[in-house]
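Contents: one structure, followed by commentary.
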Amino acid sequence: MTTDNRVEIYDTTLRDGTQAEGVSLSLEDKLLIAERLDALGVDYVEGGYPLSNPKDAAFFQHIRSRKLAHAKIAAFGMTRRRGIAADQDVGLQALLDSQAPVCTIVGKSWDMQVTEVLRVTRPENLRMIADSVAFCAAEGREVVYDAEHFFDGYRANPRYAVDTLRAALDAGATRLVLCDTNGGSLPETIAKVLKALVRRLPEARLGIHTHNDSGLAVACALEAVRHGAVQVQGTINGVGERAGNADLTSVIPNLTLKLNRPCLRDGALAQLTEVSRFVYEVANLAFEDHQPFVGRSAFAHKGGMHVHAVQRNTSTYEHIDPSLVGNRRRVLVSELAGASNIVASAHRRFGLADDKDAQRRILQRVVAMEAEGYEFEAADGTLDVLIRKTLGEPWHRGPFWMLDHYRCNILRTDGEAATTEAVVRLVIDGQDEYTVADGDGPVNALDGALRKALRGRYPAIDRVHLDDYKVRVVNAVAGTAAKVRVAIRFHDEQGSFGTVGVSGNIIEASWLALTDAFEYKLFKDMDDTAGAAAPASLAGE
């Protein structure tokens, strides 16, 4: 495959995706997702609009310390305001202050929007576009120009819509991205417009940004590539405002496997399912089981004629080999029929390629815990501890402690803030450790008491710091008696990792996740001390 055949992937999960109802990402969430997208081989990661809120501004500051291997970080902003010189516009200055190597500038291409929303003349809008692009380009930034409402604008006034692109191109934009902002275009409309633009602007490198209001965002993006687009903008899992954006977990495999247009680094396509589920977990969203390519049900077969046919020839009911995108075949009448990606990962990390009995035992344990509500995609620490305990010696060198009991007392009086006290009693090396700690809440208090109990024997736990804490209901039909899944993100001096606990009691679920974090840390340190290579986390594979 030639370089010219490659399609660029521009991910806007961290900006456009956060406009979706129910999606809110912390700063650490955004940094983790950016790193995972970089490992996948995404070309551009749009971090947000640095002028909109302190969190987005902080993202650009912190991402500079993360060593990305491939992805370019893009800062999003708008054209200069009317009546303001580009070098005096606070929005454009914020783009430069972000120090992002790429500035993505959105401008109006629909003349109705120009006159009724911006309330400027059409010539002034062209100057706003040109001035803004030229200002950022002159500062050495790569400029991507997003032509908002382009297809509506082209339908209403094709000459003016093209003039807006020409203004950006002549001012130094390296990519002209055509946005179907309202998500109402049909694939044949996209094809017709792309063919016309390739003739009129042969020197331009065009991109496509589609929304899913008609359920056609992926189809429209693919049609744009077939007719000349070299960049696709979208989000992981299609998250975005209203009905969402083009889902990159469908765009990418369709481009690679169906259109023979590579768009990730070599070998990375098999990570796609893991990345999809990682983003769901970090964003605290429920998985979409029936999602194409990466959903749990995408390659599931439920008895009868289908199962019989698939056992003879998988192509009878599967359009691709699920392993190509990191998914797996599931025969629902026999859930243990295939080895999961998680267990395949354990083969590599623990050297189990030839130990079928160990593989079987791990798989059985993983499946049983998944049935209880566990998810391991973003819980590499818990998975590591689970595998070690299943394998036993030499991987499991515990127990580090035995729990006698713990309890939490919450005192709330009228007009006063609630206070929490936690008591933890452990047995460590035959010695009783009884500790008490106050906290802002039961999890904070338990964390404090547990650390007090462990610190004297295991001082390394003071290098484990909590970054994020999320709770999700597992079985909502049970109401307030439902099980919950607590996912916690930690970091130590070597990097970040996640743990998870599931219980009908939120405090017990939190305790399970906390203790997994400390055990994981101690296991890693013991590996290093013994001279063994510490098992890699899932995030690094």
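By order of appearance in the structure tokens: chains A, B, ..., then residues from 1 within every chain, and ligands from 1 in the order shown.
Non-sequential neighbours of Gly326 of chain A (distance at most 10 Å, separation of 6 or more positions within a chain, only C-alpha atoms) are Ala268, Leu269, Ala270, Gln271, Leu272, Thr273, Glu274, Val275, Phe293, Val294, Ser340 and Asn341 of chain A.
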Please indicate the distance in Å from atom CA of Ile252 of chain A to atom CA of Val230 of chain A, rounded to one decimal place.
13.0 Å
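The environment of Ala138 of chain A within 12 Å, counting only C-alpha atoms and disregarding residues fewer than 6 places along the same chain, consists of Ala86, Asp87, Leu96, Cys103, Ala130, Asp131, Ser132, Ala171, Gly172 and Ala173 of chain A.
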Please provide the set of residues having any atom within 12 Å of segment 116-118 of chain A, restricted to only C-alpha atoms, with same-chain residues fewer than 3 positions apart removed, written as a list in words.
Met78, Thr79, Arg80, Arg81, Arg82, Gly83, Gly107, Lys108, Ser109, Trp110, Asp111, Met112, Gln113, Thr121, Arg122, Glu124, Asn125 and Met128 of chain A
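Distance-wise, atom CA of Ala300 of chain A and atom CA of Gly234 of chain A end up 26.4 Å apart.
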